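Step one of this worksheet: look at the structure below.
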Amino acid sequence: MCLERAAAHAICATKRHALLRIGICGPLIAITINQPGAAQTPDSLPARHEAEAFQPNHLPTLQVARATGPIEIDGELDDAGWIDAVRAMDFAEHFPNEGEKPPVESEVWITYDEEALYLAFVAYDDPGAIRASLRDRDEMWNDDYFGILLDTYADASWAYFLFANPLGVQGDSRWSANAGEDASFDIIYYTEAKISNEGYQVEMAIPFKSLRFPNRDVQTWRVNFWRTWPRDSRAQHTWAGIDRDDPCFLCQFGTLTGIEGVKPGGALELMPAVVASQAGQLRSDEDPGSGIENEDPDGELSLFVRYPFSSGLTTEAAFNPDFSQVESDVAQIDVNRTFALFFPERRPFFQEGGDLFRSPFNVLYTRQFNDPIATGKLIGRMGRTTLAYLAAVDEHSPILLPFQERSFVGQGGRSISNVARFQQTFLRDSYVGAIVTDRRFDGGNGSGTTAGIDGRFRILDNYSIEYQALASYTDEPDDPNLTEDVNSLTFDGGKHTAAFDGESYWGHAVFLGFERNARTWFFDIDYWASSPTFRADLGFQFQNDFHRATMLQGLILYPDSRFVDQVIPVFVAQRIWNFDGLRKEDALVGNLEIAWKGDTRTVFEYVRWRERFAGIDFDNGYNLFVYLRSGFSEMFRPGFYVSHGRRIARFQDPPTMGKGTDAEVWLEFKPLTRWVIEPSLNYSQLDDLVTGDHYFSGYIFRTRTTLQFTREFFLRLVVQYNNFSEELSIEPLLTYRLNPFTLFYIGSTQGYQDFDDPHGLTATRRQYFAKFQYLFRG
């Protein structure tokens with residue numbers, strides 16, 4: 001059984017405040033709340049004041065003064081420029097003990113000059129208890145870290161999250177009230193840090209040309225300062241107090257005033273790159289002993305250009321861009337899956353404005369731009385109004401066709417794509433938006449257009465209504481060879497064929513949700529519908545012809561216990577039926593998540609389900625799911641899940657009911673501050689329910705080892721073995737990264753396959769590659 005998505009309930013955001021997601025399909029339903037736990041106070045730390053004597057800062061204000069002297073970012077706080085810096089103090093716990101005084105003191109110093117905003121984060125602590133890793137940027141979230149949450153437009157629409165750990169390793173993201181957190185976002189800022197006898201301190205400079213903000217003489221920004229303190233659990237401390245009963249996270253920031261005479265934009269960025277590679281593959285697929293035949297070495301030049309105007313408009317263009325990935329996607333088990341697999345976007349070009357294109361239906365999936373010749377992007381943020389435009393000319397365009405019980409993935413030819421997005425925020429944590437996507441194949445041979453509106457309206461503080469309505473128009477290419485695997489299929493009651501035979505049709509999709517977000521009680525009631533003819537050619541819509549109604553109810557309980565921080569019971573009911581009114585799926589789910597001391601979480605879940613697949617009714621389905629993840633130790637961070645129950649053997653003819661087990665175990669092992677080993681093993685098995693006949697079993701083993709020489713220079717080795725395909729992949733990579741955009745790397749991918757004797761494990765493919773990219777900034 002595969003329920004595609006039971007519900008989604010966001011309490012706040014990810015990484016540093018609460019997020020609750022329910023997603024179905026291996027495991028059937030998994031709840032993750034990334035809200036860290038409690039902390040114990042070392043005897044040597046400052047004593048806690050009585051809770052009654054402490055009051056969190058409510059919407060505090062800081063008046064910033066211009067630096068009275070120069071500041072050198074070296075981790076020392078003895079420069080003359082810090083003398084008159086304003087200080088943010090009196091931090092409060094956000095978790096686990098909301099609103100109480102933390103066991104450790106924190107303070108932030110703030111000043112500026114005409115070039116940058118300067119911050120000094122002072123974290124008092126027992127130096128022997130501090131967690132710090134020398135890692136690549138954005139890989140320090142398991143450590144202690146301290147930073148700023150900055151809303152430069154002061155409208156609670158989106159904010160920069162800029163952090164550093166006690167060794168100065170950076171972590172940044174962007175959080176949007178409409179789309180959550182974008183962890184792939186990067187900007188240039190500078191940090192140095194040191195661990196002292198009193199804790200640790202981080203010195204940070206954020207160039208104004210890295211930020212987007214209004215073009216006015218005097219700035220008024222919203223800000224919060226956030227410290228994560230992982231000890232017995234992962235405590236969170238903030239300067240502006242955060243009320244868990246208020247679902248608008250950004251609305252609770254403090255205010256930063258006093259910054260005058262600084263200007264946004266105006267920094268032209270040119271980023272040329274040169275890429276060299278050589279690929280080789282087995283001379284003959286029929287003869288494993290034929291050896292590798294190398295292709296001629298290949299070289300490519302590319303250019304990226306960006307200019308942020310002072311009006312809040314940013315324009316970007318990339319010519320002959322290198323959109324390759326230096327690390328392969330984590331392999332997924334798809335032996336019994338009929339729908340396309342989703343892989344996250346990793347390519348840097350799509351960072352700026354990526355949050356703007358998100359909506360309830362995934363109508364823009366940027367990996368649909370596969371091999372572009374040129375791309376362009378325009379982002380305009382004017383007050384509470386945001387406009388975005390994206391265009392690309394793609395040489396080899398991916399094709400994703402959704403159907404009721406399966407999807408088809410293929411490859412098309414050259415295409416031109418255009419995407420336009422509008423968003424207007426209003427009131428408190430509310431917005432209205434519109435989106436249009438259009439892709440047209442070369443020579444007028446087919447096109448796909450999707451357009452619609454979406455929005456959210458917050459009412460009565462804790463309640464909100466979300467919606468989206470979309471229409472699509474598809475003009476198929478007249479080339480059945482592109483859809484050879486599904487040419488025999490029909491849809492919409494036999495009115496249309498799956499083959500690309502020049503048909504054209506309209507489709508529609510609708511989403512309506514009503515939810516409550518609060519400290520203790522939350523619910524989410526959703527309705528989704530996608531007609532048999534709805535398609536999103538530039539999105540990731542892998543299924544259509546369905547109505548789906550979901551009801552989720554849950555509680556977040558905070559027991560007064562030495563062992564438990566949170567207990568979260570959740571109940572979900574779901575029904576899916578098609579556009580002919582035929583019931584397709586029913587499910588009832590009970591889920592219990594417990595957040596234990598020691599930064600440990602467990603999930604226990606039981607699902608009862610029934611489904612109609614390939615014209616056959618499968619009743620009395622069930623699934624039991626158990627999950628554990630622990631950060632009890634800085635050196636060892638283990639986790640696992642096991643999912644066992646009845647499954648439909650979908651590729652049997654006819655499909656039958658089976659009994660299956662899916663499991664995964666993983667570990668983050670840090671033997672040294674600069675050395676991390678991350679092995680994982682993913683296993684799946686399915687047998688016939690009645691006869692016990694074995695349908696399949698197998699595993700995927702992957703390990704990722706990183707040795708960090710400095711913050712900029714590291715060696716990474718990824719080894720992955722797929723037992724289902726009997727393929728081994730070895731990927732060494734040596735990288736020097738001066739900042740997110742200036743880098744040099746050299747690496748290779750070596751592929752092997754396990755053949756019958758006498759060949760055994762034999763090299764079948766390999767690639768060597770190198771890239772140099774440099775950011776020139778005006």
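Within each chain, counting starts at residue 1; across the structure tokens, chains are named A, B, ... in the order shown, with ligands numbered 1 upward in that order.
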Arg367 of chain A: which residues within 9 Å, counting only C-alpha atoms, same-chain residues fewer than 6 positions away excluded, as a PDB file with N, CA and C atoms, in the first residue's frame?
```
ATOM      1  N   PHE A 343      13.990  13.494  -6.164  1.00  0.00           N
ATOM      2  CA  PHE A 343      15.339  13.773  -5.678  1.00  0.00           C
ATOM      3  C   PHE A 343      15.459  15.284  -5.457  1.00  0.00           C
ATOM      4  N   PRO A 344      16.060  15.702  -4.351  1.00  0.00           N
ATOM      5  CA  PRO A 344      16.130  17.138  -4.047  1.00  0.00           C
ATOM      6  C   PRO A 344      17.041  17.883  -5.001  1.00  0.00           C
ATOM      7  N   GLU A 345      16.735  19.158  -5.181  1.00  0.00           N
ATOM      8  CA  GLU A 345      17.562  20.035  -6.011  1.00  0.00           C
ATOM      9  C   GLU A 345      18.833  20.401  -5.261  1.00  0.00           C
ATOM     10  N   ARG A 346      19.996  20.258  -5.906  1.00  0.00           N
ATOM     11  CA  ARG A 346      21.268  20.565  -5.270  1.00  0.00           C
ATOM     12  C   ARG A 346      22.053  21.654  -6.008  1.00  0.00           C
ATOM     13  N   ARG A 347      21.551  22.141  -7.111  1.00  0.00           N
ATOM     14  CA  ARG A 347      22.344  23.037  -7.957  1.00  0.00           C
ATOM     15  C   ARG A 347      22.197  24.496  -7.506  1.00  0.00           C
ATOM     16  N   PRO A 398      13.436  16.526 -19.523  1.00  0.00           N
ATOM     17  CA  PRO A 398      12.784  15.371 -18.904  1.00  0.00           C
ATOM     18  C   PRO A 398      11.262  15.422 -19.092  1.00  0.00           C
ATOM     19  N   LEU A 538       6.520  21.258 -15.858  1.00  0.00           N
ATOM     20  CA  LEU A 538       7.751  21.706 -15.205  1.00  0.00           C
ATOM     21  C   LEU A 538       7.742  21.408 -13.709  1.00  0.00           C
ATOM     22  N   GLY A 539       6.775  20.637 -13.254  1.00  0.00           N
ATOM     23  CA  GLY A 539       6.672  20.336 -11.839  1.00  0.00           C
ATOM     24  C   GLY A 539       6.933  18.870 -11.558  1.00  0.00           C
TER      25      GLY A 539
END
```
Env of Ala763 of chain A: 7 Å cut, atoms = only C-alpha atoms, seq-sep filter 3 positions within chain, self excluded. Answer as a PDB file with N, CA, C and O atoms, in the first residue's frame.
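Full text of selection_10.pdb as output:
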```
ATOM      1  N   GLY A 751      32.430   3.163 -11.593  1.00  0.00           N
ATOM      2  CA  GLY A 751      31.305   2.244 -11.504  1.00  0.00           C
ATOM      3  C   GLY A 751      31.712   0.811 -11.792  1.00  0.00           C
ATOM      4  O   GLY A 751      32.466   0.546 -12.735  1.00  0.00           O
ATOM      5  N   TYR A 752      31.223  -0.112 -10.964  1.00  0.00           N
ATOM      6  CA  TYR A 752      31.522  -1.534 -11.127  1.00  0.00           C
ATOM      7  C   TYR A 752      30.214  -2.325 -11.076  1.00  0.00           C
ATOM      8  O   TYR A 752      29.239  -1.912 -10.443  1.00  0.00           O
ATOM      9  N   GLN A 753      30.214  -3.490 -11.744  1.00  0.00           N
ATOM     10  CA  GLN A 753      29.048  -4.367 -11.700  1.00  0.00           C
ATOM     11  C   GLN A 753      29.500  -5.797 -11.452  1.00  0.00           C
ATOM     12  O   GLN A 753      30.567  -6.220 -11.930  1.00  0.00           O
TER      13      GLN A 753
END
```
Subject >> For Asp524 of chain A: contacts at 6 Å, only C-alpha atoms, fewer than 6 positions along chain excluded, given as an MDAnalysis selection string >> reply: chainID A and resid 514:515 551:552
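Computed from the coordinates, the atom CA of Phe540 of chain A to atom CA of Phe426 of chain A distance equals 28.7 Å.
Compared by their closest atoms to Gly180 of chain A, and using only C-alpha atoms, the residues A:Gly354, A:Gly452, A:Pro372, A:Pro569 rank with A:Gly354 nearest.
For the set A:Ser430, A:Asn178, A:Ser447, A:Thr483, the residue with the smallest atom-to-atom gap to Tyr463 of chain A is A:Ser430, counting only C-alpha atoms.
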Give me the residues within 10 Å of Arg439 of chain A as an mmCIF file with all heavy atoms, in the first residue's frame, counting only C-alpha atoms and dropping any in the same chain fewer than 5 places off.
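Dumped everything to out_28.cif:
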```
data_model
loop_
_atom_site.group_PDB
_atom_site.id
_atom_site.type_symbol
_atom_site.label_atom_id
_atom_site.label_comp_id
_atom_site.auth_asym_id
_atom_site.auth_seq_id
_atom_site.Cartn_x
_atom_site.Cartn_y
_atom_site.Cartn_z
ATOM 1 N N ALA A 391 13.547 31.618 -16.785
ATOM 2 C CA ALA A 391 13.508 31.131 -18.164
ATOM 3 C C ALA A 391 14.697 30.225 -18.415
ATOM 4 O O ALA A 391 15.769 30.407 -17.819
ATOM 5 C CB ALA A 391 13.514 32.294 -19.156
ATOM 6 N N ALA A 392 14.525 29.248 -19.310
ATOM 7 C CA ALA A 392 15.618 28.330 -19.629
ATOM 8 C C ALA A 392 15.419 27.745 -21.016
ATOM 9 O O ALA A 392 14.283 27.495 -21.454
ATOM 10 C CB ALA A 392 15.694 27.200 -18.598
ATOM 11 N N VAL A 393 16.538 27.553 -21.701
ATOM 12 C CA VAL A 393 16.560 26.788 -22.947
ATOM 13 C C VAL A 393 17.282 25.484 -22.634
ATOM 14 O O VAL A 393 18.449 25.492 -22.246
ATOM 15 C CB VAL A 393 17.299 27.554 -24.066
ATOM 16 C CG1 VAL A 393 17.320 26.720 -25.348
ATOM 17 C CG2 VAL A 393 16.639 28.907 -24.308
ATOM 18 N N ASP A 394 16.562 24.365 -22.773
ATOM 19 C CA ASP A 394 17.062 23.065 -22.327
ATOM 20 C C ASP A 394 17.271 22.152 -23.526
ATOM 21 O O ASP A 394 16.370 21.987 -24.365
ATOM 22 C CB ASP A 394 16.054 22.441 -21.354
ATOM 23 C CG ASP A 394 16.662 21.330 -20.517
ATOM 24 O OD1 ASP A 394 17.845 21.032 -20.712
ATOM 25 O OD2 ASP A 394 15.945 20.767 -19.681
ATOM 26 N N SER A 397 15.077 17.605 -22.411
ATOM 27 C CA SER A 397 14.031 17.941 -21.442
ATOM 28 C C SER A 397 13.399 16.687 -20.860
ATOM 29 O O SER A 397 12.842 15.860 -21.593
ATOM 30 C CB SER A 397 12.948 18.779 -22.126
ATOM 31 O OG SER A 397 13.512 19.892 -22.782
ATOM 32 N N SER A 415 13.788 22.300 -25.546
ATOM 33 C CA SER A 415 12.589 23.038 -25.171
ATOM 34 C C SER A 415 12.965 24.413 -24.646
ATOM 35 O O SER A 415 14.104 24.670 -24.246
ATOM 36 C CB SER A 415 11.796 22.279 -24.110
ATOM 37 O OG SER A 415 12.511 22.249 -22.886
ATOM 38 N N ILE A 416 11.970 25.303 -24.623
ATOM 39 C CA ILE A 416 12.095 26.628 -24.022
ATOM 40 C C ILE A 416 11.049 26.729 -22.920
ATOM 41 O O ILE A 416 9.867 26.445 -23.143
ATOM 42 C CB ILE A 416 11.883 27.744 -25.062
ATOM 43 C CG1 ILE A 416 12.952 27.651 -26.155
ATOM 44 C CG2 ILE A 416 11.912 29.117 -24.395
ATOM 45 C CD1 ILE A 416 12.756 28.659 -27.274
ATOM 46 N N SER A 417 11.490 27.122 -21.717
ATOM 47 C CA SER A 417 10.600 27.170 -20.567
ATOM 48 C C SER A 417 10.560 28.574 -19.983
ATOM 49 O O SER A 417 11.583 29.278 -19.948
ATOM 50 C CB SER A 417 11.060 26.188 -19.482
ATOM 51 O OG SER A 417 11.015 24.863 -19.949
ATOM 52 N N ASN A 418 9.372 28.967 -19.502
ATOM 53 C CA ASN A 418 9.175 30.245 -18.839
ATOM 54 C C ASN A 418 8.298 30.041 -17.611
ATOM 55 O O ASN A 418 7.304 29.307 -17.670
ATOM 56 C CB ASN A 418 8.506 31.257 -19.776
ATOM 57 C CG ASN A 418 9.397 31.668 -20.926
ATOM 58 O OD1 ASN A 418 10.206 32.572 -20.798
ATOM 59 N ND2 ASN A 418 9.246 30.986 -22.065
ATOM 60 N N VAL A 419 8.690 30.695 -16.514
ATOM 61 C CA VAL A 419 7.936 30.598 -15.259
ATOM 62 C C VAL A 419 7.803 32.007 -14.690
ATOM 63 O O VAL A 419 8.782 32.753 -14.625
ATOM 64 C CB VAL A 419 8.654 29.698 -14.235
ATOM 65 C CG1 VAL A 419 7.822 29.580 -12.956
ATOM 66 C CG2 VAL A 419 8.947 28.326 -14.814
ATOM 67 N N GLY A 446 4.703 20.381 -29.522
ATOM 68 C CA GLY A 446 4.187 20.093 -28.196
ATOM 69 C C GLY A 446 4.493 21.168 -27.182
ATOM 70 O O GLY A 446 5.508 21.878 -27.273
ATOM 71 N N SER A 447 3.592 21.309 -26.191
ATOM 72 C CA SER A 447 3.773 22.291 -25.130
ATOM 73 C C SER A 447 2.933 21.889 -23.926
ATOM 74 O O SER A 447 2.005 21.072 -24.029
ATOM 75 C CB SER A 447 3.358 23.695 -25.601
ATOM 76 O OG SER A 447 1.965 23.740 -25.891
ATOM 77 N N GLY A 448 3.262 22.478 -22.789
ATOM 78 C CA GLY A 448 2.490 22.275 -21.572
ATOM 79 C C GLY A 448 2.477 23.549 -20.756
ATOM 80 O O GLY A 448 3.535 24.136 -20.494
ATOM 81 N N THR A 449 1.292 24.004 -20.353
ATOM 82 C CA THR A 449 1.135 25.243 -19.598
ATOM 83 C C THR A 449 0.301 24.967 -18.352
ATOM 84 O O THR A 449 -0.721 24.284 -18.424
ATOM 85 C CB THR A 449 0.440 26.321 -20.447
ATOM 86 O OG1 THR A 449 1.169 26.512 -21.657
ATOM 87 C CG2 THR A 449 0.359 27.642 -19.684
ATOM 88 N N THR A 450 0.750 25.494 -17.230
ATOM 89 C CA THR A 450 0.025 25.387 -15.959
ATOM 90 C C THR A 450 -0.063 26.771 -15.338
ATOM 91 O O THR A 450 0.928 27.505 -15.321
ATOM 92 C CB THR A 450 0.747 24.427 -14.992
ATOM 93 O OG1 THR A 450 0.940 23.164 -15.624
ATOM 94 C CG2 THR A 450 -0.071 24.230 -13.731
ATOM 95 N N THR A 474 -2.418 20.952 -22.114
ATOM 96 C CA THR A 474 -1.372 20.099 -22.684
ATOM 97 C C THR A 474 -1.606 19.941 -24.184
ATOM 98 O O THR A 474 -2.702 19.570 -24.614
ATOM 99 C CB THR A 474 -1.380 18.715 -22.026
ATOM 100 O OG1 THR A 474 -1.162 18.850 -20.619
ATOM 101 C CG2 THR A 474 -0.289 17.828 -22.623
ATOM 102 N N ALA A 536 1.597 19.027 -14.910
ATOM 103 C CA ALA A 536 2.477 20.159 -14.621
ATOM 104 C C ALA A 536 3.824 19.806 -15.230
ATOM 105 O O ALA A 536 4.676 19.203 -14.581
ATOM 106 C CB ALA A 536 2.590 20.411 -13.122
ATOM 107 N N ASP A 537 4.019 20.176 -16.485
ATOM 108 C CA ASP A 537 5.197 19.723 -17.233
ATOM 109 C C ASP A 537 6.508 20.141 -16.594
ATOM 110 O O ASP A 537 7.522 19.459 -16.760
ATOM 111 C CB ASP A 537 5.134 20.244 -18.666
ATOM 112 C CG ASP A 537 4.230 19.396 -19.544
ATOM 113 O OD1 ASP A 537 3.461 18.583 -18.982
ATOM 114 O OD2 ASP A 537 4.273 19.541 -20.779
ATOM 115 N N LEU A 538 6.520 21.258 -15.858
ATOM 116 C CA LEU A 538 7.751 21.706 -15.205
ATOM 117 C C LEU A 538 7.742 21.408 -13.709
ATOM 118 O O LEU A 538 8.626 21.854 -12.994
ATOM 119 C CB LEU A 538 7.946 23.212 -15.427
ATOM 120 C CG LEU A 538 8.305 23.627 -16.847
ATOM 121 C CD1 LEU A 538 8.404 25.139 -16.957
ATOM 122 C CD2 LEU A 538 9.603 22.981 -17.301
#
```
**OP:** Report the residues of segment 21-255 of chain A whose backbone DSSP state falls under strand (DSSP E), written as a PyMOL selection string.
**Re:** chain A and resi 21-23+30-33+61-63+86-88+92-95+106-112+116-124+145-151+158-164+170-176+180-182+190-196+199-207+218-230+234-238+254-255
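You can rank A:Asp90, A:Glu139, A:Glu300, A:Glu114 by their closest distance to Gly241 of chain A using only C-alpha atoms, and at the top of that list sits A:Asp90.
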Original post:
Which residues, written as a list in words, have at least one atom at most 12 Å from Tyr699 of chain A, with only C-alpha atoms counted and residues fewer than 5 positions away on the same chain left out?
Top reply: Ala331, Gln332, Ile333, Asp334, Val335, Thr661, Asp662, Ala663, Glu664, Val665, Ser680, Leu681, Asn682, Tyr683, Ser684, Gln685, Gln720, Tyr721, Asn722, Asn723, Phe724, Ser725, Glu726 and Glu727 of chain A
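Among the candidate residues A:Thr366, A:Thr550, A:Thr673, A:Thr425, the one lying nearest to Thr710 of chain A is A:Thr673, with distances computed using only C-alpha atoms.
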Original post:
For the atom pair atom CA of Asn224 of chain A and atom CA of Phe95 of chain A, what is the interatomic distance in Å to one decimal place?
Top reply: 15.4 Å
What's the 7 Å shell around Phe636 of chain A, counting only C-alpha atoms, without same-chain residues fewer than 4 positions away, as an mmCIF file with all heavy atoms, in the first residue's frame?
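This is the output file out.cif:
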```
data_model
loop_
_atom_site.group_PDB
_atom_site.id
_atom_site.type_symbol
_atom_site.label_atom_id
_atom_site.label_comp_id
_atom_site.auth_asym_id
_atom_site.auth_seq_id
_atom_site.Cartn_x
_atom_site.Cartn_y
_atom_site.Cartn_z
ATOM 1 N N LEU A 667 24.366 5.792 10.905
ATOM 2 C CA LEU A 667 25.228 6.258 11.986
ATOM 3 C C LEU A 667 26.053 7.424 11.501
ATOM 4 O O LEU A 667 26.564 7.409 10.373
ATOM 5 C CB LEU A 667 26.161 5.128 12.448
ATOM 6 C CG LEU A 667 27.244 5.501 13.477
ATOM 7 C CD1 LEU A 667 26.600 5.857 14.821
ATOM 8 C CD2 LEU A 667 28.253 4.361 13.641
ATOM 9 N N GLU A 668 26.162 8.444 12.345
ATOM 10 C CA GLU A 668 27.170 9.480 12.140
ATOM 11 C C GLU A 668 28.232 9.277 13.204
ATOM 12 O O GLU A 668 27.982 9.455 14.393
ATOM 13 C CB GLU A 668 26.574 10.876 12.243
ATOM 14 C CG GLU A 668 27.615 11.965 11.998
ATOM 15 C CD GLU A 668 27.052 13.362 12.152
ATOM 16 O OE1 GLU A 668 26.226 13.761 11.309
ATOM 17 O OE2 GLU A 668 27.450 14.056 13.128
ATOM 18 N N PHE A 669 29.423 8.893 12.766
ATOM 19 C CA PHE A 669 30.528 8.582 13.667
ATOM 20 C C PHE A 669 31.621 9.618 13.455
ATOM 21 O O PHE A 669 32.125 9.792 12.342
ATOM 22 C CB PHE A 669 31.045 7.172 13.397
ATOM 23 C CG PHE A 669 32.284 6.807 14.165
ATOM 24 C CD1 PHE A 669 32.375 7.023 15.527
ATOM 25 C CD2 PHE A 669 33.369 6.222 13.513
ATOM 26 C CE1 PHE A 669 33.519 6.676 16.234
ATOM 27 C CE2 PHE A 669 34.516 5.870 14.202
ATOM 28 C CZ PHE A 669 34.592 6.113 15.568
ATOM 29 N N LYS A 670 31.982 10.321 14.547
ATOM 30 C CA LYS A 670 32.992 11.379 14.463
ATOM 31 C C LYS A 670 34.161 11.022 15.361
ATOM 32 O O LYS A 670 34.221 11.430 16.525
ATOM 33 C CB LYS A 670 32.380 12.723 14.864
ATOM 34 C CG LYS A 670 33.305 13.905 14.579
ATOM 35 C CD LYS A 670 32.626 15.235 14.867
ATOM 36 C CE LYS A 670 32.516 15.477 16.356
ATOM 37 N NZ LYS A 670 32.068 16.845 16.683
#
```
Subject >> Residue neighbourhood Glu93 of chain A, 12 Å, only C-alpha atoms, exclusion window fewer than 3 positions, as a ChimeraX atom specification >> reply: /A:17,36-39,48,51,54-57,90,96-106,225-229,234-244
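One distance worth recording is that between atom CA of Phe161 of chain A and atom CA of Cys248 of chain A, which is 16.2 Å.
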**OP:** May I ask which of the residues A:Tyr606, A:Pro166, A:Arg548, A:Val564 is the closest one to Glu585 of chain A, counting only C-alpha atoms?
**Re:** A:Arg548
Residues of segment 375-480 of chain A within 12 Å of segment 572-578 of chain A: nearest atom pair and distance (Å, one decimal) for each, counting only C-alpha atoms, sorted by chain and number, as CSV?
```
residue,atom,partner,partner_atom,distance
A:Phe403,CA,A:Asn578,CA,11.0
A:Gln404,CA,A:Asn578,CA,7.9
A:Glu405,CA,A:Asn578,CA,10.5
```
